[in-house]
$ cat input_17.pdb   # PDB, C-alpha atoms
ATOM      1  CA  MET A  13      12.199  -9.139  13.880
ATOM      2  CA  PHE A  14      10.445 -10.767  10.933
ATOM      3  CA  HIS A  15      12.193 -13.490   8.945
ATOM      4  CA  ASP A  16      10.937 -12.077   5.640
ATOM      5  CA  ARG A  17       7.958 -10.283   4.093
ATOM      6  CA  SER A  18       5.952 -13.496   3.751
ATOM      7  CA  MET A  19       6.237 -14.230   7.468
ATOM      8  CA  ALA A  20       5.268 -10.635   8.259
ATOM      9  CA  GLY A  21       2.237 -11.008   5.988
ATOM     10  CA  GLN A  22       1.152 -14.198   7.737
ATOM     11  CA  GLN A  23       1.330 -12.517  11.141
ATOM     12  CA  LEU A  24      -0.513  -9.491   9.806
ATOM     13  CA  ALA A  25      -3.186 -11.744   8.279
ATOM     14  CA  HIS A  26      -3.769 -13.373  11.668
ATOM     15  CA  GLU A  27      -4.480 -10.004  13.285
ATOM     16  CA  LEU A  28      -6.699  -8.909  10.400
ATOM     17  CA  GLU A  29      -8.722 -12.119  10.562
ATOM     18  CA  LYS A  30      -9.467 -11.344  14.218
ATOM     19  CA  LEU A  31     -10.351  -7.723  13.424
ATOM     20  CA  LEU A  32     -12.762  -8.674  10.630
ATOM     21  CA  LYS A  33     -14.356 -11.393  12.749
ATOM     22  CA  GLU A  34     -14.856  -9.160  15.784
ATOM     23  CA  THR A  35     -15.941  -5.941  14.038
ATOM     24  CA  PRO A  36     -19.441  -5.742  12.532
ATOM     25  CA  GLY A  37     -19.568  -4.497   8.966
ATOM     26  CA  LEU A  38     -16.016  -5.387   7.952
ATOM     27  CA  THR A  39     -17.016  -7.709   5.126
ATOM     28  CA  ASP A  40     -16.081  -8.294   1.478
ATOM     29  CA  PRO A  41     -12.391  -7.347   1.826
ATOM     30  CA  VAL A  42     -10.074  -6.297  -0.989
ATOM     31  CA  VAL A  43      -6.305  -6.040  -0.420
ATOM     32  CA  LEU A  44      -4.383  -3.139  -1.995
ATOM     33  CA  ALA A  45      -0.620  -3.537  -1.757
ATOM     34  CA  LEU A  46       2.081  -0.942  -2.378
ATOM     35  CA  PRO A  47       4.678  -2.398  -4.742
ATOM     36  CA  ARG A  48       7.105  -3.685  -4.744
ATOM     37  CA  GLY A  49       7.857  -4.558  -1.125
ATOM     38  CA  GLY A  50       4.219  -4.620  -0.078
ATOM     39  CA  LEU A  51       3.283  -7.363  -2.552
ATOM     40  CA  PRO A  52       4.645 -10.417  -0.661
ATOM     41  CA  VAL A  53       3.018  -9.077   2.514
ATOM     42  CA  GLY A  54      -0.271  -8.339   0.781
ATOM     43  CA  PHE A  55      -0.331 -11.742  -0.905
ATOM     44  CA  GLU A  56      -0.331 -13.559   2.437
ATOM     45  CA  VAL A  57      -3.109 -11.284   3.710
ATOM     46  CA  ALA A  58      -5.206 -11.777   0.569
ATOM     47  CA  ARG A  59      -4.712 -15.548   0.669
ATOM     48  CA  ALA A  60      -5.766 -15.812   4.303
ATOM     49  CA  LEU A  61      -8.832 -13.608   3.802
ATOM     50  CA  HIS A  62      -9.769 -15.162   0.415
ATOM     51  CA  ALA A  63      -9.705 -11.612  -0.956
ATOM     52  CA  PRO A  64      -8.643 -10.173  -4.321
ATOM     53  CA  LEU A  65      -5.202  -8.540  -4.449
ATOM     54  CA  ASP A  66      -4.535  -5.348  -6.391
ATOM     55  CA  LEU A  67      -1.807  -2.717  -6.578
ATOM     56  CA  LEU A  68      -1.663   0.796  -5.209
ATOM     57  CA  LEU A  69       0.931   2.467  -7.403
ATOM     58  CA  VAL A  70       2.488   5.444  -5.639
ATOM     59  CA  ARG A  71       5.438   7.582  -6.709
ATOM     60  CA  LYS A  72       7.337   9.888  -4.413
ATOM     61  CA  ILE A  73       7.962  13.356  -5.809
ATOM     62  CA  GLY A  74      11.462  14.282  -4.735
ATOM     63  CA  VAL A  75      13.082  17.692  -4.575
ATOM     64  CA  PRO A  76      15.084  18.079  -7.827
ATOM     65  CA  PHE A  77      18.427  18.747  -6.138
ATOM     66  CA  GLN A  78      17.743  16.200  -3.351
ATOM     67  CA  PRO A  79      15.585  13.388  -4.809
ATOM     68  CA  GLU A  80      15.370  11.426  -1.543
ATOM     69  CA  LEU A  81      13.607  14.367   0.133
ATOM     70  CA  ALA A  82       9.881  14.004  -0.585
ATOM     71  CA  ALA A  83       8.049  17.150  -1.610
ATOM     72  CA  GLY A  84       4.946  15.044  -2.157
ATOM     73  CA  ALA A  85       3.584  11.839  -3.626
ATOM     74  CA  VAL A  86       1.130  10.890  -6.350
ATOM     75  CA  VAL A  87      -1.162   7.859  -6.664
ATOM     76  CA  ASP A  88      -2.644   6.464  -9.857
ATOM     77  CA  GLY A  89      -6.370   6.216 -10.488
ATOM     78  CA  ASP A  90      -9.190   7.793 -12.432
ATOM     79  CA  HIS A  91      -8.487  10.941 -10.418
ATOM     80  CA  PRO A  92      -4.760  10.842  -9.467
ATOM     81  CA  GLU A  93      -4.224  11.941  -5.881
ATOM     82  CA  LEU A  94      -1.407  14.405  -5.169
ATOM     83  CA  VAL A  95      -0.284  14.937  -1.574
ATOM     84  CA  ILE A  96       2.042  17.893  -1.029
ATOM     85  CA  ASN A  97       4.508  18.339   1.834
ATOM     86  CA  ARG A  98       4.252  22.114   2.137
ATOM     87  CA  GLU A  99       6.960  22.309   4.790
ATOM     88  CA  VAL A 100       9.431  20.884   2.285
ATOM     89  CA  LEU A 101       8.253  23.333  -0.382
ATOM     90  CA  VAL A 102       8.860  26.255   1.970
ATOM     91  CA  VAL A 103      12.277  25.060   3.154
ATOM     92  CA  THR A 104      13.568  24.213  -0.343
ATOM     93  CA  GLY A 105      11.910  27.040  -2.250
ATOM     94  CA  MET A 106      10.397  24.541  -4.657
ATOM     95  CA  ARG A 107       7.419  25.918  -6.607
ATOM     96  CA  GLU A 108       4.117  24.120  -7.091
ATOM     97  CA  ALA A 109       4.611  24.514 -10.852
ATOM     98  CA  ASP A 110       7.761  22.377 -10.507
ATOM     99  CA  LEU A 111       5.737  19.857  -8.546
ATOM    100  CA  GLN A 112       3.172  19.565 -11.333
ATOM    101  CA  THR A 113       5.911  18.934 -13.910
ATOM    102  CA  ILE A 114       7.384  16.110 -11.825
ATOM    103  CA  LYS A 115       3.881  14.786 -11.167
ATOM    104  CA  ALA A 116       3.324  14.320 -14.909
ATOM    105  CA  ARG A 117       6.514  12.259 -15.184
ATOM    106  CA  ALA A 118       5.559  10.238 -12.107
ATOM    107  CA  LEU A 119       2.139   9.401 -13.561
ATOM    108  CA  ALA A 120       3.757   8.251 -16.797
ATOM    109  CA  GLU A 121       5.995   5.888 -14.808
ATOM    110  CA  ILE A 122       3.010   4.656 -12.808
ATOM    111  CA  GLU A 123       1.158   3.836 -16.016
ATOM    112  CA  ARG A 124       4.208   1.984 -17.348
ATOM    113  CA  ARG A 125       4.405  -0.118 -14.204
ATOM    114  CA  ARG A 126       0.674  -0.871 -14.188
ATOM    115  CA  SER A 127       0.948  -2.104 -17.773
ATOM    116  CA  LEU A 128       4.019  -4.205 -16.897
ATOM    117  CA  TYR A 129       2.601  -5.712 -13.709
ATOM    118  CA  LEU A 130      -1.091  -6.151 -14.507
ATOM    119  CA  LYS A 131      -0.937  -6.671 -18.279
ATOM    120  CA  GLY A 132      -4.249  -4.930 -18.901
ATOM    121  CA  ARG A 133      -6.191  -6.419 -15.953
ATOM    122  CA  LYS A 134      -8.732  -3.994 -14.524
ATOM    123  CA  ARG A 135      -8.474  -2.499 -11.065
ATOM    124  CA  ALA A 136     -10.230  -4.469  -8.327
ATOM    125  CA  PRO A 137     -13.514  -2.780  -7.329
ATOM    126  CA  VAL A 138     -13.250  -0.942  -4.011
ATOM    127  CA  ALA A 139     -16.575   0.913  -3.640
ATOM    128  CA  GLY A 140     -18.712  -0.573  -0.880
ATOM    129  CA  ARG A 141     -16.006  -3.010   0.223
ATOM    130  CA  THR A 142     -13.540  -3.230   3.116
ATOM    131  CA  ALA A 143     -10.316  -1.880   1.594
ATOM    132  CA  ILE A 144      -7.101  -3.069   3.278
ATOM    133  CA  VAL A 145      -3.992  -1.095   2.320
ATOM    134  CA  VAL A 146      -0.797  -3.094   2.939
ATOM    135  CA  ASP A 147       2.914  -2.282   2.822
ATOM    136  CA  ASP A 148       6.030  -3.913   4.275
ATOM    137  CA  GLY A 149       6.510  -1.008   6.676
ATOM    138  CA  ILE A 150       6.288   2.745   7.084
ATOM    139  CA  ALA A 151       9.129   5.223   7.550
ATOM    140  CA  THR A 152       7.753   8.777   7.258
ATOM    141  CA  GLY A 153       4.282   7.894   5.951
ATOM    142  CA  ALA A 154       4.233  10.398   3.065
ATOM    143  CA  THR A 155       3.560   7.893   0.293
ATOM    144  CA  VAL A 156       1.132   5.872   2.397
ATOM    145  CA  ARG A 157      -0.865   9.016   3.220
ATOM    146  CA  ALA A 158      -1.250   9.729  -0.502
ATOM    147  CA  ALA A 159      -2.343   6.144  -1.091
ATOM    148  CA  LEU A 160      -4.945   6.300   1.657
ATOM    149  CA  LYS A 161      -6.430   9.536   0.337
ATOM    150  CA  ALA A 162      -6.703   7.990  -3.121
ATOM    151  CA  VAL A 163      -8.438   4.876  -1.791
ATOM    152  CA  ARG A 164     -10.866   6.926   0.302
ATOM    153  CA  ARG A 165     -11.982   8.684  -2.885
ATOM    154  CA  ARG A 166     -12.987   5.294  -4.274
ATOM    155  CA  ASN A 167     -15.708   5.063  -1.582
ATOM    156  CA  PRO A 168     -14.856   1.920   0.365
ATOM    157  CA  LYS A 169     -17.228   0.794   3.098
ATOM    158  CA  ALA A 170     -14.265   0.821   5.490
ATOM    159  CA  LEU A 171     -10.565   1.615   5.139
ATOM    160  CA  ILE A 172      -7.875  -0.332   7.008
ATOM    161  CA  LEU A 173      -4.130   0.294   7.007
ATOM    162  CA  ALA A 174      -2.121  -2.844   7.804
ATOM    163  CA  VAL A 175       1.675  -2.849   8.168
ATOM    164  CA  PRO A 176       4.171  -5.001  10.072
ATOM    165  CA  VAL A 177       6.241  -2.103  11.436
ATOM    166  CA  ALA A 178       6.146   1.697  11.728
ATOM    167  CA  PRO A 179       7.412   4.442  14.037
ATOM    168  CA  SER A 180       4.802   5.297  16.632
ATOM    169  CA  ASP A 181       4.456   8.952  15.571
ATOM    170  CA  ALA A 182       3.847   8.076  11.915
ATOM    171  CA  ALA A 183       1.402   5.331  12.889
ATOM    172  CA  GLY A 184      -0.454   7.742  15.144
ATOM    173  CA  ALA A 185      -0.738  10.371  12.422
ATOM    174  CA  LEU A 186      -1.928   7.852   9.830
ATOM    175  CA  SER A 187      -4.523   6.396  12.187
ATOM    176  CA  ASN A 188      -6.517   9.592  11.594
ATOM    177  CA  GLU A 189      -6.737   8.713   7.876
ATOM    178  CA  VAL A 190      -8.299   5.265   8.331
ATOM    179  CA  ASP A 191     -11.090   3.462  10.140
ATOM    180  CA  HIS A 192      -8.715   0.868  11.589
ATOM    181  CA  LEU A 193      -4.933   0.611  11.877
ATOM    182  CA  VAL A 194      -3.180  -2.733  12.334
ATOM    183  CA  CYS A 195       0.538  -2.394  13.069
ATOM    184  CA  LEU A 196       2.453  -5.308  14.611
ATOM    185  CA  ALA A 197       5.415  -3.328  15.942
ATOM    186  CA  LYS A 198       6.096   0.333  16.744
ATOM    187  CA  PRO A 199       9.750   0.348  17.861
ATOM    188  CA  GLU A 200      11.351   3.399  19.392
ATOM    189  CA  PRO A 201      13.767   4.649  18.337
ATOM    190  CA  PHE A 202      12.944   3.816  14.728
ATOM    191  CA  TYR A 203      15.851   3.662  12.269
ATOM    192  CA  ALA A 204      14.701   1.918   9.087
ATOM    193  CA  ILE A 205      12.183  -0.653   7.929
ATOM    194  CA  GLY A 206      14.835  -3.089   6.745
ATOM    195  CA  VAL A 207      16.452  -3.576  10.147
ATOM    196  CA  HIS A 208      13.290  -5.370  11.290
ATOM    197  CA  TYR A 209      13.662  -8.106   8.660
ATOM    198  CA  ALA A 210      16.288 -10.854   8.522
ATOM    199  CA  ASP A 211      15.674 -11.048   4.761
ATOM    200  CA  PHE A 212      14.847  -7.688   3.189
ATOM    201  CA  ARG A 213      16.054  -8.325  -0.344
ATOM    202  CA  GLN A 214      14.570  -6.218  -3.141
ATOM    203  CA  VAL A 215      11.403  -7.537  -4.766
ATOM    204  CA  GLU A 216      12.015  -7.686  -8.519
ATOM    205  CA  ASP A 217       9.489  -6.949 -11.257
ATOM    206  CA  ASP A 218       9.133 -10.596 -12.279
ATOM    207  CA  GLU A 219       8.258 -11.544  -8.709
ATOM    208  CA  VAL A 220       5.561  -8.863  -8.636
ATOM    209  CA  VAL A 221       4.030 -10.339 -11.803
ATOM    210  CA  ARG A 222       4.255 -13.883 -10.409
ATOM    211  CA  ILE A 223       2.584 -12.919  -7.125
ATOM    212  CA  LEU A 224      -0.279 -11.128  -8.865
ATOM    213  CA  GLU A 225      -0.856 -14.067 -11.200
ATOM    214  CA  GLU A 226      -0.880 -16.521  -8.283
ATOM    215  CA  ALA A 227      -3.329 -14.300  -6.371
ATOM    216  CA  ALA A 228      -5.629 -14.192  -9.401
ATOM    217  CA  ARG A 229      -5.511 -18.008  -9.654
ATOM    218  CA  LEU A 230      -6.456 -18.378  -5.996
ATOM    219  CA  ILE A 231      -9.460 -16.061  -6.375
ATOM    220  CA  ALA A 232     -10.569 -17.911  -9.516
ATOM    221  CA  ALA A 233     -10.325 -21.210  -7.626
ATOM    222  CA  ASP A 234     -12.391 -19.783  -4.743
ATOM    223  CA  ASP A 235     -15.031 -18.592  -7.189
ATOM    224  CA  MET A 236     -15.239 -22.031  -8.786
ATOM    225  CA  ALA A 237     -15.543 -23.683  -5.366
ATOM    226  CA  ASP A 238     -18.442 -21.385  -4.441
ATOM    227  CA  LYS A 239     -20.444 -22.326  -7.530
ATOM    228  CA  PRO A 240     -23.080 -25.060  -7.041
TER     229      PRO A 240
END
$ encode --input "input_17.pdb" --output "structure tokens"
Amino acid sequence: MFHDRSMAGQQLAHELEKLLKETPGLTDPVVLALPRGGLPVGFEVARALHAPLDLLLVRKIGVPFQPELAAGAVVDGDHPELVINREVLVVTGMREADLQTIKARALAEIERRRSLYLKGRKRAPVAGRTAIVVDDGIATGATVRAALKAVRRRNPKALILAVPVAPSDAAGALSNEVDHLVCLAKPEPFYAIGVHYADFRQVEDDEVVRILEEAARLIAADDMADKP
């Protein structure tokens, strides 16, 4: 049980500090958090590692008549990454043409959120760096898998997935997508992410903006301190 997302992020940061210290080549980290719940977790990781914090904006593509059932997910970027759950397509009879229509709407919403949250700030560079993807937990892993594929296309030196909690089967499957997986708890049976937090209140848009601004201030302060 984690008290809240900040506490989970602090514990996750401790494990990541050990991983980066003990593993050759894991240098120059950048933290990529999935909003909105992943931001408080990612902030603590970025602060501990003195790393920049950026967003990974992902939208689930739900089946039209059952929106909670994910037929796929899409991630923003220069080349948006679409991950399709073909089993769902077969079972529901949903066509790929339908998927593309929903994808276009999802990308429009992603762009709206990026504008709202980042206010025109550029994406943090990932190529040649240690990219750490952070969320507050994993349920099925569909959206995280899309996010990881999108980050891999940006050519990081190494790719790490770091989450406080996930079911063991999802964690095992996602470990094949990354160079390192850091997961603090893999409870079985797994019911929901929220049951592992005493405080799992929704993260509002204004908090996302505040966290990103504070992270940017910390990086600017580090840069000033490094100058002779």
$ axis_aligned_box --input "input_17.pdb" --around "range 44-60 of chain A" --padding-each-side "3 Å" --output "lines of an AutoDock Vina configuration file"
center_x = 1.0
center_y = -8.4
center_z = -0.2
size_x = 19.6
size_y = 20.9
size_z = 15.0
$ resolve_selection --input "input_17.pdb" --expression "the PyMOL selection byres ((chain A and resi 93-106) around 6)" --output "list in words"
Ala83, Gly84, Ala85, Val86, Val87, Pro92, Arg107, Ala158 and Ala162 of chain A
$ resolve_selection --input "input_17.pdb" --expression "the PyMOL selection byres ((chain A and resi 219) around 12)" --output "VMD selection string"
chain A and resid 47 to 52 55 128 to 129 213 to 218 220 to 226
$ residues_around --input "input_17.pdb" --residues "Pro36 in chain A" --least-positions-apart "5" --cutoff "12 Å" --atoms "all atoms listed in the file" --output "list in words"
Lys30, Leu31, Thr142, Lys169 and Ala170 of chain A
$ write_last_selection --input "input_17.pdb" --atoms "C-alpha atoms" --output "mmCIF file, keeping the file's coordinate frame"
data_model
loop_
_atom_site.group_PDB
_atom_site.id
_atom_site.type_symbol
_atom_site.label_atom_id
_atom_site.label_comp_id
_atom_site.auth_asym_id
_atom_site.auth_seq_id
_atom_site.Cartn_x
_atom_site.Cartn_y
_atom_site.Cartn_z
ATOM 1 C CA LYS A 30 -9.467 -11.344 14.218
ATOM 2 C CA LEU A 31 -10.351 -7.723 13.424
ATOM 3 C CA THR A 142 -13.540 -3.230 3.116
ATOM 4 C CA LYS A 169 -17.228 0.794 3.098
ATOM 5 C CA ALA A 170 -14.265 0.821 5.490
#
$ atom_distance --input "input_17.pdb" --atom1 "CA of Gly206 in chain A" --atom2 "CA of Ala82 in chain A"
19.2 Å
$ atom_distance --input "input_17.pdb" --atom1 "CA of Lys134 in chain A" --atom2 "CA of Leu171 in chain A"
20.5 Å
$ closest_residue --input "input_17.pdb" --among "A:Ala143, A:Ala237, A:Leu160, A:Ala151" --to "Pro199 in chain A" --atoms "all atoms listed in the file"
A:Ala151
$ atom_distance --input "input_17.pdb" --atom1 "CA of Ala58 in chain A" --atom2 "CA of Val42 in chain A"
7.5 Å
$ closest_residue --input "input_17.pdb" --among "A:Val163, A:Ile144, A:Val175, A:Ala204" --to "Thr39 in chain A" --atoms "all atoms listed in the file"
A:Ile144
$ closest_residue --input "input_17.pdb" --among "A:Ala185, A:Ala116, A:Ile150, A:Ala174" --to "Glu27 in chain A" --atoms "all atoms listed in the file"
A:Ala174
$ closest_residue --input "input_17.pdb" --among "A:Ala233, A:Val207, A:Leu119, A:Leu67" --to "Leu44 in chain A" --atoms "only C-alpha atoms"
A:Leu67
$ closest_residue --input "input_17.pdb" --among "A:Gly54, A:Gly21, A:Pro64, A:Pro176" --to "Val145 in chain A" --atoms "all atoms listed in the file"
A:Gly54
$ closest_residue --input "input_17.pdb" --among "A:Thr152, A:Arg166, A:Gly74, A:Glu56" --to "Gly184 in chain A" --atoms "only C-alpha atoms"
A:Thr152
$ resolve_selection --input "input_17.pdb" --expression "the PyMOL selection byres ((chain A and resi 69) around 9)" --output "NGL selection string"
:A and (45-47 or 67-68 or 70-71 or 86-89 or 122-123 or 125-126 or 159)
$ decode --input "input_17.pdb" --residues "range 118-129 of chain A" --atoms "N, CA and C atoms" --output "compact mmCIF listing (two decimals), in the first residue's frame"
# COMPACT_ATOMS: atom_id res chain seq x y z
N ALA A 118 -8.72 10.88 -31.45
CA ALA A 118 -7.82 10.74 -30.30
C ALA A 118 -6.60 11.64 -30.45
N LEU A 119 -6.05 11.73 -31.65
CA LEU A 119 -4.88 12.58 -31.87
C LEU A 119 -5.23 14.05 -31.70
N ALA A 120 -6.43 14.43 -32.09
CA ALA A 120 -6.86 15.81 -31.90
C ALA A 120 -6.95 16.14 -30.41
N GLU A 121 -7.45 15.20 -29.61
CA GLU A 121 -7.53 15.40 -28.17
C GLU A 121 -6.14 15.44 -27.54
N ILE A 122 -5.24 14.59 -28.04
CA ILE A 122 -3.87 14.60 -27.55
C ILE A 122 -3.21 15.96 -27.80
N GLU A 123 -3.42 16.50 -28.98
CA GLU A 123 -2.83 17.79 -29.31
C GLU A 123 -3.42 18.89 -28.43
N ARG A 124 -4.71 18.81 -28.15
CA ARG A 124 -5.34 19.79 -27.25
C ARG A 124 -4.71 19.74 -25.87
N ARG A 125 -4.50 18.53 -25.37
CA ARG A 125 -3.93 18.38 -24.03
C ARG A 125 -2.47 18.84 -24.00
N ARG A 126 -1.71 18.53 -25.04
CA ARG A 126 -0.31 18.98 -25.07
C ARG A 126 -0.25 20.50 -25.04
N SER A 127 -1.13 21.15 -25.79
CA SER A 127 -1.16 22.61 -25.79
C SER A 127 -1.54 23.15 -24.41
N LEU A 128 -2.52 22.51 -23.76
CA LEU A 128 -2.98 22.93 -22.44
C LEU A 128 -1.90 22.74 -21.39
N TYR A 129 -1.24 21.57 -21.40
CA TYR A 129 -0.30 21.23 -20.35
C TYR A 129 1.07 21.89 -20.54
